[in-house]
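Below: one structure, written as structure tokens.
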Amino acid sequence: MTVSATYDVLVIGGGHNGLTAAATLAKKGKSVCVIEKSEQLGGMAREVAHLLYNLHPKVVRELGLKGLADGKPLATVSLVEDGKHVEIAGDTVRFADGTTHPDAVAYVELTSRLKKFAALLGQLSSHSPPKLDGGLTSLATLGELAGLAKLGLNLKLLGKKDMNEFLRVILTNAYDLVLDEMPDGPLAGALCADAVRGNYVGPRSPGTVFNLMYRLGQGGEAYLPKGGMEAVVCAFESAARTAGAEVRTGQGVKRILVEDDKATGVELEDGTHIAARTVMASTGPQAVMQMAGVEHFDVEAARRIRNTRCKGTVAKLSLVLKDAPSIVGLSREQMRSRFLIAPSAAVVERSFNPAKYNELPAAPVIEAVILTPSDPDLAAKGQHILSLNVQHIPHTPEGGWDEAKRQQVIDTVVAQLEVYMPGVSASIERADLLTPADIEELTGAPGGHWHHAEMGVDQILTVRPVNGLAHYGFAVQGLYLCGASAHPGGDVTGLPGRNSAIQLLKDGVLS
Amino acid sequence: MNQLPTAVPIGVIPTPLQTRLEDLSTAKSWTNWAGFISPLVLDTVEFEYFAIRNQSTLFDISPMHKYRVTGPDALRVVNRMVTRDVSRMRDNRVGYALWCDEEGMVIDDGTVFRFSDSDFRICCQETMHSWILDTAWGFDVDIVDESHQVAGVSLQGPTTFSLLSDAGLTVAGALKPFDMAEVEPGLWISRTGFTGDLGYELWTSWDKIAELWDRLWAAGDHWGLRAIGYEALNICRIEAGFIAAGIDFQPVHTAMRLHRGRSPIELGFEKLVHFDKGHFNGRRALLKQKDAGPRHVLRKIDLAGFKPADGALLYYKKKKEVGHVTSGVWSPTTKRNIALAEFKAPYGYSITDDLWAEIYVFEEGVWDKRLVPVTFEDKPFFINDRSRATPPRPF
């Protein structure tokens, strides 16, 4: 059974990156159809993310996404048991009671340095990663070199001191970097928590400085958009639809059809064939390889793809509360912050330890935000929603997930919350937990990993997701990777989808 | 009394035929072939060479690595691995094949034995177990490393069919070149070899090979049977125009330096790269190279004079260095100074005139240098229709 229409582009997966790719191509007049397995669009952006940060301004501009990050960014409050919470609002760092924090200056100096470096690396994020395999005599390579030369020049223009510092820290670990500048405590803990978020690392793991820079790519401010992440997804969807892309939900793709080494369409799970001149996939690389058939991939590529590191480590917990939560020592206004339970860098490191052995953490690092003050419509009247990202929950704990283990995670988190929000446990009406395994099941993200593939030095830039396939084109002609596993990586940035669409056009596979 | 633990050999180890070879060896000249003790020469190179071309010879090929690929996807896996289309091979046929990495560079060459579309054996020089496992990932096949289970001898020479008949194996007469058959339970004969002459390879289990050797040996006296070493075989394989891994090309998995790998096209085997069979490893890279043209080209050349040119540098217009000889030898049968040589394209490819080899000779304490003209040969240097006649003519 074949649907008669032949699209220019089929996009597998209606996450924000799939929608961005679709919108970008539809705007160029290509006929595009997005196919999403679940009934709802948005994937991880809807199911897992609860804050918006790192959305790329080019994507905002090109897709005409308005009003998503226009409001005031959320302050971050790093909680401590003794009530001396630390509040970080942009470059203002102080104790929550308004008193001066001794490490405020060190914090600003460190983060502004990292932001400067992040902006430098950011130049590479809105293009395909550099490709030099054409040899120095190829015109295409010279173009790539020019881009790299610009990076080199900008690196030089940082000045000798900053350049040395950039090269010193780029591959190192967040723990050492942060503790070089300030004593351990809730401020250092907050930086380290942001340096490990979403990845299978502790702050002492190499590469976490890069992760921190990545997070600070657009300044690091987090927003709680009106209408929540649902509104963000809707904005992406509407950009795609307005541009003319078709969107089909509730239809899973069984196979990517390949003829003569070219992608020619897909077969849906119900057996329907849809023909297309190119196919883009925003799922993880393993899934794309298996949908297309491993026989179309070189042995080395298949080996690298199946060995990509993608151990998800974040669980999402959503608590419905019947009373407005309050935290000792915080004002009503301050309750509209992003809370971190990461009282020290050492605690963040220890939070990671059990995950290495597939054990559940006793004191995981938590990022929490109360969604209802900004958006009362999200819950029934009088109810409040506390959304939590619980770091360092293994994808599959020893012995597998069961009700008891799920409850153990909830109890652990609630017990931690109780320290700061006395009485919160009695207020819980519902607790919805998504383990990394659930997230994988729900969104197809490999390993339930936030970024579809760990953001490590072995899996970024020219080797993301794997060496040899870092330029969106995915082995078979006309098959493209457009999700978080492609350069530059995860978060709701829109960049992988956008860059992939641009690369597809540049490759001329539609002309 | 304390018992000494059994020592595990860490150097070269004997094949099951070492005891036979040891008794025959007067030269005591051994080499390490794929981890096994293997004779370079048993008696003298000359006697052994002429035995290959005029009598019958036995060479122990047990050190070859052998991998069995079985299962519903065996054909797909072998076709994924090698550049030629093994679906075009009939059952009970043997085919020469090369296989490449993702950049189209040759990993190794060898022979593919097709028992059926779900049962193959790959026979090659380099260890290939992990590579085949990687190739087979995602496919329904079993991979068994048979290297130490299957042993073999190569019986080569114009009298070999007569010898086999005397040994009770007349059935081998029905075998055309590259045919194979299980002639007795557990004994396979393939009409294959590395000499370009009439010859067979006989395969049986590791523990039965000595018995087979004795059986052939007992029938061989009348047919001039000699055991031979690698050196005599090497002359014959150059005469036949066969390439050798590690000599005429560097197996790319063992090459550490950039650009030391060579593609099947560059080695002269474009005809064995079947682009129309669907994807195989390195296909996209090879297609690109087919468009862009090879960087190097391996050719059979004929050199003036009689001094073997092994390792000689090659020049264009006697000035510009454009390549080197990879295997050079004086061919006693054809009476020609022959070689395999690698040229930097376009030399040897589109430019074939005015090419010279610089041969150094050391004569009684004096080094001399000779520039000799190079001409190209497209066919094997040694061709004799006895190698293809079926049934083989009795000697």
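Ordering of the structure tokens sets the chain letters (A, B, ...), residue numbers begin anew at 1 in every chain, and ligands are numbered from 1 in the order given.
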Requested in this report: For Lys150 of chain A, work out the shell of residues within 12 Å, counting only C-alpha atoms and skipping chain neighbours fewer than 5 positions away, then give it as a list in words.
Outcome: Leu120, Leu121, Gln123, Leu124, Pro130, Gly143, Glu144, Leu145, Leu155, Lys156 and Leu157 of chain A
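All residues of protein, DNA or RNA that reach within 8 Å of Gly220 of chain B, judged by only C-alpha atoms and not counting those fewer than 4 positions away in the chain, are B:Ser56, B:Leu163, B:Leu216, B:Gly224, B:Leu225.
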So that I have them on file, write out the residues from the current selection with N, CA and C atoms, as a PDB file, in the first residue's frame.
ATOM      1  N   SER B  56      55.353 -32.826  -8.748  1.00  0.00           N
ATOM      2  CA  SER B  56      54.325 -32.563  -7.745  1.00  0.00           C
ATOM      3  C   SER B  56      54.999 -32.054  -6.487  1.00  0.00           C
ATOM      4  N   LEU B 163      49.051 -38.198  -9.396  1.00  0.00           N
ATOM      5  CA  LEU B 163      49.381 -38.600  -8.030  1.00  0.00           C
ATOM      6  C   LEU B 163      48.093 -38.869  -7.232  1.00  0.00           C
ATOM      7  N   LEU B 216      49.486 -39.180   0.643  1.00  0.00           N
ATOM      8  CA  LEU B 216      49.956 -38.548  -0.586  1.00  0.00           C
ATOM      9  C   LEU B 216      51.419 -38.877  -0.814  1.00  0.00           C
ATOM     10  N   GLY B 224      57.420 -37.775  -8.626  1.00  0.00           N
ATOM     11  CA  GLY B 224      58.429 -36.771  -8.292  1.00  0.00           C
ATOM     12  C   GLY B 224      58.027 -35.843  -7.177  1.00  0.00           C
ATOM     13  N   LEU B 225      57.228 -36.341  -6.238  1.00  0.00           N
ATOM     14  CA  LEU B 225      56.716 -35.470  -5.176  1.00  0.00           C
ATOM     15  C   LEU B 225      57.827 -34.963  -4.266  1.00  0.00           C
TER      16      LEU B 225
END
Name the residues in contact with Gly193 of chain B at a cut-off of 9 Å, using only C-alpha atoms, excluding same-chain residues fewer than 4 positions from it; report them as a PDB file with C-alpha atoms, in the first residue's frame.
ATOM      1  CA  SER B 154      48.621 -27.527  -1.225  1.00  0.00           C
ATOM      2  CA  LEU B 155      49.484 -30.124  -3.847  1.00  0.00           C
ATOM      3  CA  GLN B 156      50.782 -28.318  -6.929  1.00  0.00           C
ATOM      4  CA  ASP B 197      49.701 -24.395 -12.413  1.00  0.00           C
ATOM      5  CA  LEU B 198      47.657 -27.550 -12.171  1.00  0.00           C
ATOM      6  CA  GLY B 199      47.114 -28.139  -8.511  1.00  0.00           C
ATOM      7  CA  TYR B 200      44.816 -28.856  -5.624  1.00  0.00           C
ATOM      8  CA  GLU B 201      44.352 -27.896  -2.043  1.00  0.00           C
TER       9      GLU B 201
END
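Distance criterion 9 Å to chain A, applied with only C-alpha atoms, yields Arg76, Val77, Arg80, Met81, Asp101, Glu102, Trp131, Asp134, Thr135, Ala136, Trp137, Gly138, Phe139, Asp276, Gly278, His279, Phe280, Asn281, Gly282, Arg283 and Arg284 of chain B on chain B.
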Only N, CA and C atoms, please: the residues just picked out, written as a PDB file, in the first residue's frame.
ATOM      1  N   ARG B  76      24.495 -12.913   2.868  1.00  0.00           N
ATOM      2  CA  ARG B  76      24.469 -11.454   3.029  1.00  0.00           C
ATOM      3  C   ARG B  76      25.716 -10.969   3.760  1.00  0.00           C
ATOM      4  N   VAL B  77      26.145 -11.743   4.757  1.00  0.00           N
ATOM      5  CA  VAL B  77      27.312 -11.312   5.533  1.00  0.00           C
ATOM      6  C   VAL B  77      28.583 -11.371   4.683  1.00  0.00           C
ATOM      7  N   ARG B  80      28.477  -8.646   2.277  1.00  0.00           N
ATOM      8  CA  ARG B  80      28.714  -7.366   2.955  1.00  0.00           C
ATOM      9  C   ARG B  80      30.210  -7.150   3.150  1.00  0.00           C
ATOM     10  N   MET B  81      30.920  -8.263   3.333  1.00  0.00           N
ATOM     11  CA  MET B  81      32.345  -8.170   3.644  1.00  0.00           C
ATOM     12  C   MET B  81      33.198  -7.996   2.391  1.00  0.00           C
ATOM     13  N   ASP B 101      38.188  -1.850   4.144  1.00  0.00           N
ATOM     14  CA  ASP B 101      37.654  -1.062   5.247  1.00  0.00           C
ATOM     15  C   ASP B 101      36.714  -0.006   4.663  1.00  0.00           C
ATOM     16  N   GLU B 102      36.222   0.872   5.526  1.00  0.00           N
ATOM     17  CA  GLU B 102      35.222   1.842   5.084  1.00  0.00           C
ATOM     18  C   GLU B 102      35.802   2.828   4.060  1.00  0.00           C
ATOM     19  N   TRP B 131      36.980  -8.981  12.944  1.00  0.00           N
ATOM     20  CA  TRP B 131      36.431  -8.218  11.809  1.00  0.00           C
ATOM     21  C   TRP B 131      35.162  -8.879  11.261  1.00  0.00           C
ATOM     22  N   ASP B 134      32.347  -8.297  13.605  1.00  0.00           N
ATOM     23  CA  ASP B 134      31.829  -6.938  13.436  1.00  0.00           C
ATOM     24  C   ASP B 134      30.954  -6.839  12.185  1.00  0.00           C
ATOM     25  N   THR B 135      31.443  -7.477  11.129  1.00  0.00           N
ATOM     26  CA  THR B 135      30.693  -7.446   9.864  1.00  0.00           C
ATOM     27  C   THR B 135      29.329  -8.107  10.035  1.00  0.00           C
ATOM     28  N   ALA B 136      29.312  -9.150  10.875  1.00  0.00           N
ATOM     29  CA  ALA B 136      28.099  -9.960  11.005  1.00  0.00           C
ATOM     30  C   ALA B 136      27.124  -9.404  12.028  1.00  0.00           C
ATOM     31  N   TRP B 137      27.505  -8.315  12.693  1.00  0.00           N
ATOM     32  CA  TRP B 137      26.620  -7.783  13.728  1.00  0.00           C
ATOM     33  C   TRP B 137      25.265  -7.399  13.117  1.00  0.00           C
ATOM     34  N   GLY B 138      24.197  -7.886  13.735  1.00  0.00           N
ATOM     35  CA  GLY B 138      22.870  -7.565  13.227  1.00  0.00           C
ATOM     36  C   GLY B 138      22.356  -8.581  12.223  1.00  0.00           C
ATOM     37  N   PHE B 139      23.155  -9.613  11.940  1.00  0.00           N
ATOM     38  CA  PHE B 139      22.730 -10.632  10.983  1.00  0.00           C
ATOM     39  C   PHE B 139      22.631 -11.986  11.676  1.00  0.00           C
ATOM     40  N   ASP B 276      27.278  -3.354  -8.399  1.00  0.00           N
ATOM     41  CA  ASP B 276      25.835  -3.516  -8.604  1.00  0.00           C
ATOM     42  C   ASP B 276      25.189  -4.494  -7.636  1.00  0.00           C
ATOM     43  N   GLY B 278      24.637  -4.128  -4.418  1.00  0.00           N
ATOM     44  CA  GLY B 278      24.154  -3.516  -3.177  1.00  0.00           C
ATOM     45  C   GLY B 278      25.337  -3.091  -2.340  1.00  0.00           C
ATOM     46  N   HIS B 279      25.042  -2.629  -1.139  1.00  0.00           N
ATOM     47  CA  HIS B 279      26.142  -2.089  -0.345  1.00  0.00           C
ATOM     48  C   HIS B 279      27.076  -3.184   0.136  1.00  0.00           C
ATOM     49  N   PHE B 280      28.357  -2.895   0.112  1.00  0.00           N
ATOM     50  CA  PHE B 280      29.360  -3.748   0.750  1.00  0.00           C
ATOM     51  C   PHE B 280      30.376  -2.807   1.373  1.00  0.00           C
ATOM     52  N   ASN B 281      31.219  -3.330   2.239  1.00  0.00           N
ATOM     53  CA  ASN B 281      32.078  -2.418   2.980  1.00  0.00           C
ATOM     54  C   ASN B 281      33.045  -1.676   2.064  1.00  0.00           C
ATOM     55  N   GLY B 282      33.046  -0.367   2.200  1.00  0.00           N
ATOM     56  CA  GLY B 282      33.934   0.469   1.394  1.00  0.00           C
ATOM     57  C   GLY B 282      33.351   0.858   0.049  1.00  0.00           C
ATOM     58  N   ARG B 283      32.130   0.419  -0.247  1.00  0.00           N
ATOM     59  CA  ARG B 283      31.564   0.647  -1.590  1.00  0.00           C
ATOM     60  C   ARG B 283      31.543   2.127  -1.952  1.00  0.00           C
ATOM     61  N   ARG B 284      31.082   2.965  -1.017  1.00  0.00           N
ATOM     62  CA  ARG B 284      30.937   4.388  -1.360  1.00  0.00           C
ATOM     63  C   ARG B 284      32.305   5.021  -1.620  1.00  0.00           C
TER      64      ARG B 284
END
Requested in this report: Using DSSP on the backbone coordinates, identify all residues within segment 33-281 of chain A classified as alpha helix (DSSP H); present the result as number ranges by chain.
Outcome: A: 43-47, 57-63, 104-122, 139-157, 160-169, 174-181, 186-196, 208-215, 228-243
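Here atom CA of His487 of chain A and atom CA of Val247 of chain A stand 24.4 Å from one another.
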Query raised in the report: So which residues touch Gly293 of chain B within 12 Å, counting only C-alpha atoms, skipping near sequence neighbours fewer than 3 positions away, as a list in words?
Result: Ser263, Ile265, Glu266, Glu270, Ala285, Leu286, Leu287, Lys288, Gln289, Lys290, His296, Val297, Lys344, Ala345, Pro346, Tyr349 and Ser350 of chain B
Query raised in the report: Between A:Leu171, A:Ala75, A:Ala22, A:Ala355, which is the closest to Ala281 of chain A once you count only C-alpha atoms?
Result: A:Ala22
**Report entry** Neighbour list for Phe210 of chain A as a ChimeraX atom specification, cut-off 8 Å, only C-alpha atoms, skip fewer than 3 positions in-chain
**Finding:** /A:170-172,207,213-214
Query - Coordinates-based distance that separates atom CA of Ala245 of chain B from atom CA of Tyr316 of chain B (Å, one decimal) - result: 26.8 Å
Requested in this report: Find the residue from A:Ala404, A:Val328, A:Leu268, A:Val9 that sits nearest to Ala23 of chain A; use only C-alpha atoms when measuring.
Outcome: A:Val9
Report task. Assign secondary structure with DSSP using the backbone only, and return the residues of segment 131-370 of chain A in strand (DSSP E or B) as number ranges by chain. Result -> A: 223, 246-248, 253-259, 262-268, 273-281, 314-321, 338-341, 366-370
Report task. Tell me, as a PyMOL selection string, which residues lie within 6 Å of Cys33 of chain A, counting only C-alpha atoms; anything in the same chain fewer than 6 positions away does not count. Result -> chain A and resi 10+245-247
